[in-house]
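Engineer: So here's structure35.txt (compact mmCIF, C-alpha atoms).
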# COMPACT_ATOMS: atom_id res chain seq x y z
CA MET P 1 15.51 9.12 9.25
CA ASN P 2 14.49 12.25 7.38
CA TYR P 3 11.48 14.43 8.06
CA LYS P 4 9.72 17.54 6.81
CA LYS P 5 7.20 19.66 8.70
CA LEU P 6 4.29 20.01 6.26
CA ASP P 7 2.27 22.48 8.32
CA ASP P 8 1.75 23.45 11.99
CA SER P 9 0.64 19.98 13.04
CA TYR P 10 1.76 17.50 10.40
CA TYR P 11 5.09 15.85 9.67
CA LEU P 12 6.21 13.63 6.83
CA VAL P 13 8.68 11.15 8.35
CA GLN P 14 10.78 9.06 6.01
CA LEU P 15 12.50 6.09 7.59
CA GLU P 16 15.49 4.72 5.71
CA ILE P 17 16.69 1.20 4.91
CA GLY P 18 17.93 -0.37 8.15
CA ASP P 19 15.91 1.90 10.46
CA GLU P 20 13.97 0.06 13.18
CA VAL P 21 10.45 1.53 13.08
CA ILE P 22 9.42 1.71 16.76
CA SER P 23 12.74 3.04 18.11
CA GLN P 24 13.05 5.62 15.31
CA LEU P 25 9.52 6.94 15.80
CA LYS P 26 10.17 7.05 19.55
CA SER P 27 13.31 9.06 18.89
CA PHE P 28 11.32 11.36 16.56
CA ALA P 29 8.72 11.96 19.30
CA LEU P 30 11.43 12.83 21.86
CA THR P 31 13.42 15.09 19.52
CA HIS P 32 10.37 17.06 18.38
CA ARG P 33 8.74 17.06 21.83
CA VAL P 34 5.59 15.45 20.42
CA LYS P 35 3.10 15.29 23.30
CA SER P 36 0.58 13.09 21.47
CA GLY P 37 -0.12 12.15 17.89
CA PHE P 38 -1.58 9.86 15.28
CA ILE P 39 0.62 7.92 12.85
CA SER P 40 -0.12 6.33 9.48
CA GLY P 41 2.44 4.80 7.15
CA ILE P 42 3.30 2.50 4.27
CA GLY P 43 6.56 1.01 2.98
CA ALA P 44 8.48 -2.25 3.09
CA ILE P 45 9.80 -4.04 6.17
CA ARG P 46 11.76 -7.09 7.38
CA ASP P 47 12.48 -8.84 10.69
CA LEU P 48 9.00 -8.16 12.03
CA THR P 49 8.03 -9.00 15.59
CA LEU P 50 4.24 -9.09 15.86
CA GLY P 51 2.06 -9.47 18.93
CA TYR P 52 -1.40 -10.80 19.75
CA TYR P 53 -2.79 -9.78 23.14
CA ASP P 54 -3.90 -12.73 25.27
CA ARG P 55 -6.43 -11.03 27.48
CA ASP P 56 -6.77 -13.93 29.92
CA LYS P 57 -3.05 -13.94 30.72
CA GLY P 58 -2.59 -10.16 30.32
CA VAL P 59 0.42 -10.64 28.04
CA TYR P 60 1.30 -10.35 24.36
CA ILE P 61 2.11 -13.56 22.47
CA LYS P 62 4.96 -12.60 20.13
CA LYS P 63 6.41 -14.09 16.96
CA THR P 64 9.22 -12.95 14.67
CA PHE P 65 8.96 -13.06 10.86
CA PRO P 66 12.39 -12.65 9.24
CA ARG P 67 11.33 -12.18 5.60
CA CYS P 68 10.61 -8.97 3.66
CA TYR P 69 7.04 -7.68 3.50
CA GLU P 70 5.18 -4.76 1.99
CA VAL P 71 3.72 -2.59 4.76
CA CYS P 72 0.08 -2.51 3.59
CA THR P 73 -0.69 -0.17 6.44
CA LEU P 74 0.74 0.75 9.82
CA SER P 75 -1.38 2.98 12.01
CA GLY P 76 -1.69 4.02 15.62
CA ASN P 77 -0.72 6.67 18.09
CA ILE P 78 1.91 8.38 20.22
CA THR P 79 1.23 8.62 23.96
CA TYR P 80 3.39 8.61 27.10
CA LEU P 81 4.17 6.31 30.00
CA GLY P 82 5.00 8.84 32.69
CA GLU P 83 6.30 12.20 31.49
CA LYS P 84 9.37 11.05 29.60
CA GLU P 85 8.75 7.77 27.80
CA PRO P 86 6.87 7.97 24.49
CA ILE P 87 4.86 4.87 23.60
CA ILE P 88 4.51 4.16 19.88
CA HIS P 89 1.38 2.01 19.62
CA LEU P 90 1.20 0.69 16.05
CA HIS P 91 -0.82 -2.11 14.47
CA GLY P 92 -0.14 -3.24 10.94
CA ILE P 93 -0.74 -5.57 8.03
CA PHE P 94 2.11 -6.90 5.94
CA SER P 95 2.00 -8.67 2.56
CA ASP P 96 4.26 -11.30 1.08
CA GLN P 97 5.48 -11.92 -2.46
CA ASP P 98 2.34 -13.99 -3.07
CA TYR P 99 0.16 -11.08 -1.77
CA SER P 100 -0.94 -13.06 1.30
CA VAL P 101 -0.86 -11.11 4.55
CA ILE P 102 -0.11 -11.29 8.27
CA GLY P 103 -1.03 -8.72 10.90
CA GLY P 104 -0.90 -7.66 14.52
CA HIS P 105 0.65 -5.30 17.07
CA LEU P 106 4.09 -4.18 15.86
CA PHE P 107 6.82 -4.68 18.45
CA GLU P 108 9.76 -4.38 16.08
CA GLY P 109 10.48 -4.15 12.37
CA THR P 110 13.29 -2.87 10.15
CA ILE P 111 12.72 -0.87 6.97
CA SER P 112 13.81 -2.96 3.96
CA ALA P 113 13.03 -0.54 1.12
CA ALA P 114 10.84 2.46 2.05
CA GLY P 115 9.15 3.88 5.14
CA GLU P 116 6.78 6.79 4.48
CA PHE P 117 4.85 8.01 7.52
CA GLY P 118 2.47 10.86 8.26
CA VAL P 119 2.50 12.06 11.87
CA ARG P 120 -0.28 14.37 13.09
CA VAL P 121 0.76 15.99 16.38
CA PHE P 122 -1.30 17.63 19.15
CA PRO P 123 -0.48 20.15 21.89
CA CYS P 124 -1.73 18.07 24.85
CA MET P 125 0.01 15.16 26.48
CA ILE P 126 -1.85 11.84 26.54
CA GLN P 127 -0.59 9.32 29.05
CA ARG P 128 -1.02 5.60 29.59
CA LYS P 129 -1.74 4.04 32.96
CA GLN P 130 1.04 2.30 34.85
CA THR P 131 -0.23 -1.27 35.28
CA ASP P 132 1.23 -4.73 35.73
CA ALA P 133 -0.37 -5.96 32.49
CA ASP P 134 1.49 -5.68 29.19
CA LEU P 135 -1.35 -3.61 27.76
CA LYS P 136 -1.27 -0.09 29.21
CA PRO P 137 -4.64 1.67 28.67
CA ILE P 138 -4.82 5.32 27.72
CA GLU P 139 -5.57 7.59 30.69
CA ILE P 140 -8.09 10.26 29.81
CA LYS P 141 -8.42 12.89 32.51
CA MET H 1 -16.40 5.43 26.24
CA ASN H 2 -13.97 8.21 27.07
CA TYR H 3 -12.82 11.00 24.79
CA LYS H 4 -10.56 14.02 24.69
CA LYS H 5 -10.72 16.92 22.24
CA LEU H 6 -7.13 17.27 21.00
CA ASP H 7 -7.65 20.46 18.99
CA ASP H 8 -10.46 22.25 17.12
CA SER H 9 -11.16 19.38 14.77
CA TYR H 10 -9.69 16.21 16.29
CA TYR H 11 -10.88 13.87 19.01
CA LEU H 12 -9.21 10.91 20.67
CA VAL H 13 -12.00 8.43 21.41
CA GLN H 14 -11.25 5.52 23.71
CA LEU H 15 -13.76 2.71 23.66
CA GLU H 16 -13.79 0.44 26.70
CA ILE H 17 -14.04 -3.32 27.15
CA GLY H 18 -17.60 -4.36 26.28
CA ASP H 19 -18.35 -1.29 24.11
CA GLU H 20 -19.92 -2.13 20.73
CA VAL H 21 -17.93 -0.10 18.18
CA ILE H 22 -20.56 1.07 15.66
CA SER H 23 -23.23 2.04 18.19
CA GLN H 24 -20.72 3.83 20.44
CA LEU H 25 -19.25 5.85 17.57
CA LYS H 26 -22.80 6.66 16.43
CA SER H 27 -23.59 7.86 19.94
CA PHE H 28 -20.36 9.92 19.93
CA ALA H 29 -21.37 11.57 16.62
CA LEU H 30 -24.82 12.46 17.98
CA THR H 31 -23.57 13.75 21.34
CA HIS H 32 -20.88 15.96 19.78
CA ARG H 33 -23.03 17.01 16.82
CA VAL H 34 -20.41 15.73 14.38
CA LYS H 35 -21.69 16.64 10.90
CA SER H 36 -19.07 14.60 9.04
CA GLY H 37 -15.72 13.06 9.83
CA PHE H 38 -12.98 10.55 9.19
CA ILE H 39 -12.18 7.77 11.65
CA SER H 40 -9.07 5.64 12.15
CA GLY H 41 -8.49 3.20 14.99
CA ILE H 42 -6.69 0.20 16.44
CA GLY H 43 -7.34 -2.08 19.40
CA ALA H 44 -8.73 -5.54 20.12
CA ILE H 45 -12.22 -6.82 19.34
CA ARG H 46 -14.54 -9.84 19.62
CA ASP H 47 -17.93 -10.94 18.25
CA LEU H 48 -17.28 -9.36 14.87
CA THR H 49 -19.95 -9.21 12.19
CA LEU H 50 -18.30 -8.54 8.83
CA GLY H 51 -19.89 -7.84 5.47
CA TYR H 52 -19.00 -8.31 1.81
CA TYR H 53 -21.11 -6.35 -0.66
CA ASP H 54 -22.71 -8.52 -3.36
CA ARG H 55 -23.16 -5.95 -6.09
CA ASP H 56 -25.39 -8.13 -8.26
CA LYS H 57 -27.93 -8.62 -5.48
CA GLY H 58 -27.44 -5.18 -3.90
CA VAL H 59 -27.02 -6.69 -0.44
CA TYR H 60 -24.28 -7.38 2.08
CA ILE H 61 -23.38 -11.01 2.80
CA LYS H 62 -22.69 -11.11 6.55
CA LYS H 63 -20.83 -13.50 8.84
CA THR H 64 -20.14 -13.42 12.57
CA PHE H 65 -16.75 -14.30 14.07
CA PRO H 66 -17.03 -14.86 17.84
CA ARG H 67 -13.32 -15.04 18.72
CA CYS H 68 -10.97 -12.25 19.86
CA TYR H 69 -8.91 -10.40 17.26
CA GLU H 70 -6.39 -7.58 17.17
CA VAL H 71 -7.83 -4.63 15.22
CA CYS H 72 -5.00 -4.16 12.70
CA THR H 73 -6.83 -1.15 11.36
CA LEU H 74 -10.35 0.21 11.25
CA SER H 75 -10.96 3.22 9.03
CA GLY H 76 -13.81 5.05 7.38
CA ASN H 77 -16.14 7.95 7.78
CA ILE H 78 -19.13 9.58 9.48
CA THR H 79 -21.98 10.75 7.25
CA TYR H 80 -25.78 11.03 7.63
CA LEU H 81 -28.88 9.32 6.34
CA GLY H 82 -31.34 12.17 6.47
CA GLU H 83 -30.64 14.90 9.03
CA LYS H 84 -30.65 12.83 12.19
CA GLU H 85 -29.12 9.40 11.63
CA PRO H 86 -25.31 9.23 11.60
CA ILE H 87 -23.87 6.41 9.50
CA ILE H 88 -20.57 4.97 10.73
CA HIS H 89 -18.99 3.42 7.63
CA LEU H 90 -15.96 1.43 8.76
CA HIS H 91 -13.88 -1.24 7.04
CA GLY H 92 -11.28 -3.21 8.93
CA ILE H 93 -8.71 -5.97 9.14
CA PHE H 94 -8.46 -8.22 12.18
CA SER H 95 -5.68 -10.63 13.16
CA ASP H 96 -5.81 -13.89 15.06
CA GLN H 97 -3.44 -15.48 17.57
CA ASP H 98 -1.55 -17.04 14.64
CA TYR H 99 -1.29 -13.57 12.96
CA SER H 100 -3.58 -14.59 10.09
CA VAL H 101 -6.23 -12.03 9.17
CA ILE H 102 -9.82 -11.52 8.06
CA GLY H 103 -11.36 -8.32 6.75
CA GLY H 104 -14.43 -6.52 5.46
CA HIS H 105 -17.15 -4.01 6.24
CA LEU H 106 -17.72 -3.82 10.02
CA PHE H 107 -21.37 -4.22 10.99
CA GLU H 108 -20.76 -4.99 14.65
CA GLY H 109 -17.90 -5.70 17.03
CA THR H 110 -17.27 -5.46 20.77
CA ILE H 111 -14.04 -4.14 22.29
CA SER H 112 -12.20 -7.00 24.03
CA ALA H 113 -9.12 -5.16 25.33
CA ALA H 114 -8.53 -1.68 23.83
CA GLY H 115 -10.19 0.66 21.35
CA GLU H 116 -8.16 3.75 20.43
CA PHE H 117 -9.69 5.92 17.72
CA GLY H 118 -8.86 9.24 16.13
CA VAL H 119 -11.85 11.18 14.79
CA ARG H 120 -11.30 14.18 12.49
CA VAL H 121 -14.48 16.25 12.28
CA PHE H 122 -15.66 18.80 9.70
CA PRO H 123 -18.18 21.67 9.80
CA CYS H 124 -20.31 20.54 6.83
CA MET H 125 -22.90 17.77 6.79
CA ILE H 126 -22.34 14.95 4.31
CA GLN H 127 -25.39 12.84 3.55
CA ARG H 128 -26.02 9.48 1.93
CA LYS H 129 -28.71 8.86 -0.64
CA GLN H 130 -31.90 7.10 0.42
CA THR H 131 -32.00 4.01 -1.83
CA ASP H 132 -33.48 0.51 -1.72
CA ALA H 133 -30.00 -1.08 -1.89
CA ASP H 134 -28.06 -1.88 1.27
CA LEU H 135 -25.21 0.33 0.06
CA LYS H 136 -26.13 3.99 0.40
CA PRO H 137 -23.83 6.16 -1.74
CA ILE H 138 -22.54 9.50 -0.48
CA GLU H 139 -24.48 12.45 -1.89
CA ILE H 140 -22.19 15.29 -2.92
CA LYS H 141 -24.09 18.46 -3.76
CA MET N 1 -15.45 11.37 -9.59
CA ASN N 2 -17.11 13.79 -7.18
CA TYR N 3 -15.45 15.76 -4.42
CA LYS N 4 -16.18 18.23 -1.64
CA LYS N 5 -13.72 20.51 0.11
CA LEU N 6 -14.39 19.91 3.80
CA ASP N 7 -12.08 22.62 5.13
CA ASP N 8 -8.89 24.46 4.10
CA SER N 9 -6.82 21.31 3.82
CA TYR N 10 -9.17 18.34 3.53
CA TYR N 11 -11.16 16.90 0.65
CA LEU N 12 -13.71 14.13 0.51
CA VAL N 13 -13.19 12.41 -2.85
CA GLN N 14 -15.85 9.99 -4.02
CA LEU N 15 -14.83 7.73 -6.89
CA GLU N 16 -17.67 6.23 -8.90
CA ILE N 17 -18.31 2.77 -10.34
CA GLY N 18 -15.89 2.23 -13.23
CA ASP N 19 -13.34 4.83 -12.05
CA GLU N 20 -9.73 3.59 -12.04
CA VAL N 21 -8.32 4.60 -8.64
CA ILE N 22 -4.73 5.66 -9.41
CA SER N 23 -5.48 7.63 -12.59
CA GLN N 24 -8.48 9.38 -11.02
CA LEU N 25 -6.55 10.44 -7.91
CA LYS N 26 -3.70 11.61 -10.18
CA SER N 27 -6.22 13.66 -12.14
CA PHE N 28 -7.60 15.05 -8.86
CA ALA N 29 -4.09 16.10 -7.76
CA LEU N 30 -3.42 17.87 -11.07
CA THR N 31 -6.83 19.62 -11.21
CA HIS N 32 -6.61 20.90 -7.63
CA ARG N 33 -2.88 21.65 -7.82
CA VAL N 34 -2.21 19.42 -4.81
CA LYS N 35 1.51 19.76 -4.05
CA SER N 36 1.60 16.92 -1.50
CA GLY N 37 -0.91 15.00 0.55
CA PHE N 38 -1.97 11.95 2.51
CA ILE N 39 -4.77 9.69 1.32
CA SER N 40 -6.97 7.19 3.16
CA GLY N 41 -9.94 5.36 1.69
CA ILE N 42 -12.40 2.48 1.76
CA GLY N 43 -14.86 1.04 -0.76
CA ALA N 44 -15.13 -1.86 -3.19
CA ILE N 45 -12.85 -2.63 -6.12
CA ARG N 46 -12.24 -5.04 -9.02
CA ASP N 47 -9.48 -5.77 -11.55
CA LEU N 48 -6.73 -5.11 -9.02
CA THR N 49 -3.08 -5.07 -10.00
CA LEU N 50 -0.94 -5.46 -6.88
CA GLY N 51 2.82 -5.24 -6.52
CA TYR N 52 5.48 -6.64 -4.20
CA TYR N 53 8.85 -4.92 -4.33
CA ASP N 54 11.75 -7.30 -5.02
CA ARG N 55 14.59 -5.34 -3.46
CA ASP N 56 17.35 -7.51 -4.94
CA LYS N 57 16.19 -6.92 -8.52
CA GLY N 58 14.93 -3.36 -7.88
CA VAL N 59 11.58 -4.12 -9.53
CA TYR N 60 7.97 -4.73 -8.55
CA ILE N 61 6.53 -8.22 -9.08
CA LYS N 62 2.95 -7.62 -10.24
CA LYS N 63 -0.18 -9.74 -10.37
CA THR N 64 -3.73 -8.98 -11.47
CA PHE N 65 -6.80 -10.11 -9.53
CA PRO N 66 -9.97 -9.79 -11.63
CA ARG N 67 -12.60 -10.42 -8.95
CA CYS N 68 -14.47 -7.94 -6.74
CA TYR N 69 -13.07 -7.10 -3.30
CA GLU N 70 -13.96 -4.89 -0.39
CA VAL N 71 -11.27 -2.22 0.08
CA CYS N 72 -10.47 -2.84 3.76
CA THR N 73 -8.08 0.09 3.63
CA LEU N 74 -6.11 2.02 1.04
CA SER N 75 -3.59 4.53 2.36
CA GLY N 76 -0.57 6.44 1.18
CA ASN N 77 0.55 9.75 -0.21
CA ILE N 78 0.73 12.21 -3.10
CA THR N 79 4.21 13.36 -4.18
CA TYR N 80 5.80 14.40 -7.50
CA LEU N 81 8.28 13.04 -9.99
CA GLY N 82 9.67 16.26 -11.40
CA GLU N 83 7.41 19.31 -11.23
CA LYS N 84 4.48 18.03 -13.25
CA GLU N 85 3.85 14.33 -12.59
CA PRO N 86 1.97 13.46 -9.40
CA ILE N 87 2.77 10.03 -7.96
CA ILE N 88 -0.08 8.32 -6.10
CA HIS N 89 1.65 5.88 -3.74
CA LEU N 90 -1.04 3.65 -2.23
CA HIS N 91 -0.87 0.34 -0.38
CA GLY N 92 -3.99 -1.61 0.41
CA ILE N 93 -5.73 -4.66 1.76
CA PHE N 94 -8.71 -6.21 -0.02
CA SER N 95 -11.18 -8.80 1.25
CA ASP N 96 -13.08 -11.49 -0.60
CA GLN N 97 -16.58 -12.91 -0.16
CA ASP N 98 -15.15 -15.39 2.37
CA TYR N 99 -13.49 -12.46 4.30
CA SER N 100 -9.98 -13.67 3.39
CA VAL N 101 -7.62 -10.92 2.25
CA ILE N 102 -4.82 -10.02 -0.15
CA GLY N 103 -2.58 -6.96 0.01
CA GLY N 104 0.23 -4.97 -1.54
CA HIS N 105 1.18 -1.89 -3.53
CA LEU N 106 -1.77 -0.78 -5.69
CA PHE N 107 -0.83 -0.28 -9.35
CA GLU N 108 -4.37 -0.33 -10.70
CA GLY N 109 -7.92 -1.02 -9.59
CA THR N 110 -11.43 -0.09 -10.70
CA ILE N 111 -14.20 0.92 -8.30
CA SER N 112 -16.91 -1.77 -8.31
CA ALA N 113 -19.37 -0.29 -5.80
CA ALA N 114 -18.05 2.63 -3.70
CA GLY N 115 -14.84 4.62 -3.35
CA GLU N 116 -14.73 7.01 -0.38
CA PHE N 117 -11.43 8.79 0.15
CA GLY N 118 -10.14 11.48 2.47
CA VAL N 119 -7.30 13.58 1.05
CA ARG N 120 -5.30 15.84 3.38
CA VAL N 121 -3.31 18.37 1.32
CA PHE N 122 -0.24 20.46 2.18
CA PRO N 123 1.21 23.69 0.75
CA CYS N 124 4.72 22.34 0.02
CA MET N 125 5.76 20.17 -2.88
CA ILE N 126 7.35 16.82 -2.01
CA GLN N 127 9.30 15.19 -4.80
CA ARG N 128 10.66 11.72 -5.48
CA LYS N 129 14.16 11.06 -6.77
CA GLN N 130 14.65 10.19 -10.42
CA THR N 131 16.33 6.75 -10.30
CA ASP N 132 16.61 3.68 -12.53
CA ALA N 133 14.88 1.50 -9.92
CA ASP N 134 11.11 1.08 -9.94
CA LEU N 135 10.95 2.39 -6.37
CA LYS N 136 11.50 6.16 -6.34
CA PRO N 137 12.41 7.34 -2.83
CA ILE N 138 11.02 10.58 -1.43
CA GLU N 139 13.50 13.46 -1.63
CA ILE N 140 13.53 15.55 1.53
CA LYS N 141 15.50 18.75 1.14
Can you give me the file's structure in the form of structure tokens?

Structural biologist:
Amino acid sequence: MNYKKLDDSYYLVQLEIGDEVISQLKSFALTHRVKSGFISGIGAIRDLTLGYYDRDKGVYIKKTFPRCYEVCTLSGNITYLGEKEPIIHLHGIFSDQDYSVIGGHLFEGTISAAGEFGVRVFPCMIQRKQTDADLKPIEIK
Amino acid sequence: MNYKKLDDSYYLVQLEIGDEVISQLKSFALTHRVKSGFISGIGAIRDLTLGYYDRDKGVYIKKTFPRCYEVCTLSGNITYLGEKEPIIHLHGIFSDQDYSVIGGHLFEGTISAAGEFGVRVFPCMIQRKQTDADLKPIEIK
Amino acid sequence: MNYKKLDDSYYLVQLEIGDEVISQLKSFALTHRVKSGFISGIGAIRDLTLGYYDRDKGVYIKKTFPRCYEVCTLSGNITYLGEKEPIIHLHGIFSDQDYSVIGGHLFEGTISAAGEFGVRVFPCMIQRKQTDADLKPIEIK
């Protein structure tokens, strides 16, 4: 992972081939003490694990896609569960060599060619509620 | 709807289960006297009405999708028709439980599980032209 | 193309019917001496050329789609190859009249009805590496 601070509140984050997206962005948030932020990125990815939230059961249905995809868009936010655990909440759409697409909540994915992200950071901490359900809602005080 | 002002020009807007997206963001724009802005969001949605613009006829072809979808991305802008009517122009992509997707111009949609939006606001009013066509172009003076 | 500077670092860029997206945004970057930036847009487009990066061969596989599509989202960045050639790196998703979608790296596309873009600019130049491969990685110094 490389990064460059573009101004007071914006980072360019470049993930490299082999970087796992969620864990690397989590590590970025911890290292730079990001309290909250918005993320938007493009690139190319493989070994995707996507989720669809089953509201009735309160759980994510997950599936892994081993092939390589273009990241058409990945966007979402940085919040916290408690004071110390950043949550990278990203949804994305991914295209195949025939330009067809799949999409969902990104649980895991490894950069296969490029990973170019913009991260807009904010000075206030945004937390998620501690619940039994897989989906942790944002807590706005 | 909950919200938090993150800095001078950025809001986190959290829509709640049952909130209709377009009308709630319109209400947000009116309440906070947003003159223009950009919106980006993720979440989960149901009872979608999507549009495709038929340029030859000058009208949107609409279809309603009653099921629940992940919001892979919703993005667009806030402008005005006249001085008092905010226009929420959002396009989005929505994924199913098998990770297949649909997309288009969002006319209506109700939050089914989460609705997490970033809204970047600006001090100048941007208006759309009053025309007979369904598509109202932005008016840049 | 029309544009409006919304604040110190943000432009609204409106592409018009018949404007080719990549060349017009390149022209915008040169005219306004944009050193680096992030782009996000929606609208309607025709005569798309999309790419999928074949990592093994180091080249993009391209295909042209002549029909009209809604731009569900187009996002990416402005960087430079050398000091004088802006690179508009955009990925997108495009929906049809039946709300089905295609996606990938945008090489070319012409606005068919509307083109509404937000461009966030930064004061530092970001360059891409000069390589033999079609994909030029960002160079972070």

Engineer: Write out as a ChimeraX atom specification which residues come within 6 Å of stretch 63-79 of chain N when counting only C-alpha atoms, dropping same-chain ones fewer than 6 positions away.

Structural biologist: /H:91-92,104 /N:36-50,86-96,126-127

Engineer: Starting from the point (-6.7, 4.1, -8.9), work out which residues of protein, DNA or RNA have an atom no more than 10 Å away when counting all atoms listed in the file; state them as a PyMOL selection string.

Structural biologist: chain N and resi 15+19-26+45+48-49+88-90+106-111+115

Engineer: For each of H:Tyr80, H:Tyr99, H:Ile138, H:Leu12, take the minimum atom-to-atom distance to H:Arg33, counting only C-alpha atoms, then give the residue where this is smallest.

Structural biologist: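 Between H:Tyr80, H:Tyr99, H:Ile138, H:Leu12, the residue approaching H:Arg33 most closely is H:Tyr80.
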
Engineer: Give the answer as one residue: which of P:Gly82, P:Gly51, P:Gly58, P:Gly103 has the shortest atom-to-atom distance to P:Ala133, using only C-alpha atoms?

Structural biologist: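 Among the listed residues, the smallest separation from P:Ala133 belongs to P:Gly58.
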
Engineer: Separation of atom CA of H:Ile17 and atom CA of N:Asp98, in Å?

Structural biologist: 27.6 Å

Engineer: Choose the residue, out of P:Val34, P:Ile140, P:Ala29, P:Ala113, that has the smallest atom-to-atom separation from chain H; count only C-alpha atoms.

Structural biologist: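 Using only C-alpha atoms, the shortest distance to chain H belongs to P:Ile140.
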
Engineer: Given only C-alpha atoms as the basis, pick out the residue of H:Phe117, H:Tyr60, H:Tyr11, H:Phe122 nearest to chain N.

Structural biologist: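 Ranking H:Phe117, H:Tyr60, H:Tyr11, H:Phe122 by distance to chain N, first place goes to H:Phe122.
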
Engineer: Just how far from atom CA of H:Pro123 is atom CA of N:Asp7, in Å to one decimal?

Structural biologist: 7.7 Å

Engineer: Between atom CA of H:Arg55 and atom CA of N:Glu116, measure the distance and give it in Å to one decimal.

Structural biologist: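 A separation of 16.5 Å between them.
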
Engineer: Return as AutoDock Vina command-line options the centre and edge lengths, in Å with one decimal, of the box along x, y and z that encloses every atom of stretch 82-96 of chain H in the file, padded by 6 Å per side.

Structural biologist:
--center_x -18.5 --center_y 0.5 --center_z 10.8 --size_x 37.7 --size_y 40.8 --size_z 20.6

Engineer: With distances taken over only C-alpha atoms, which of N:Leu30, N:Met1, N:Leu135, N:Val59 is nearest to chain H?

Structural biologist: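 For chain H, the nearest of the candidates is N:Met1.
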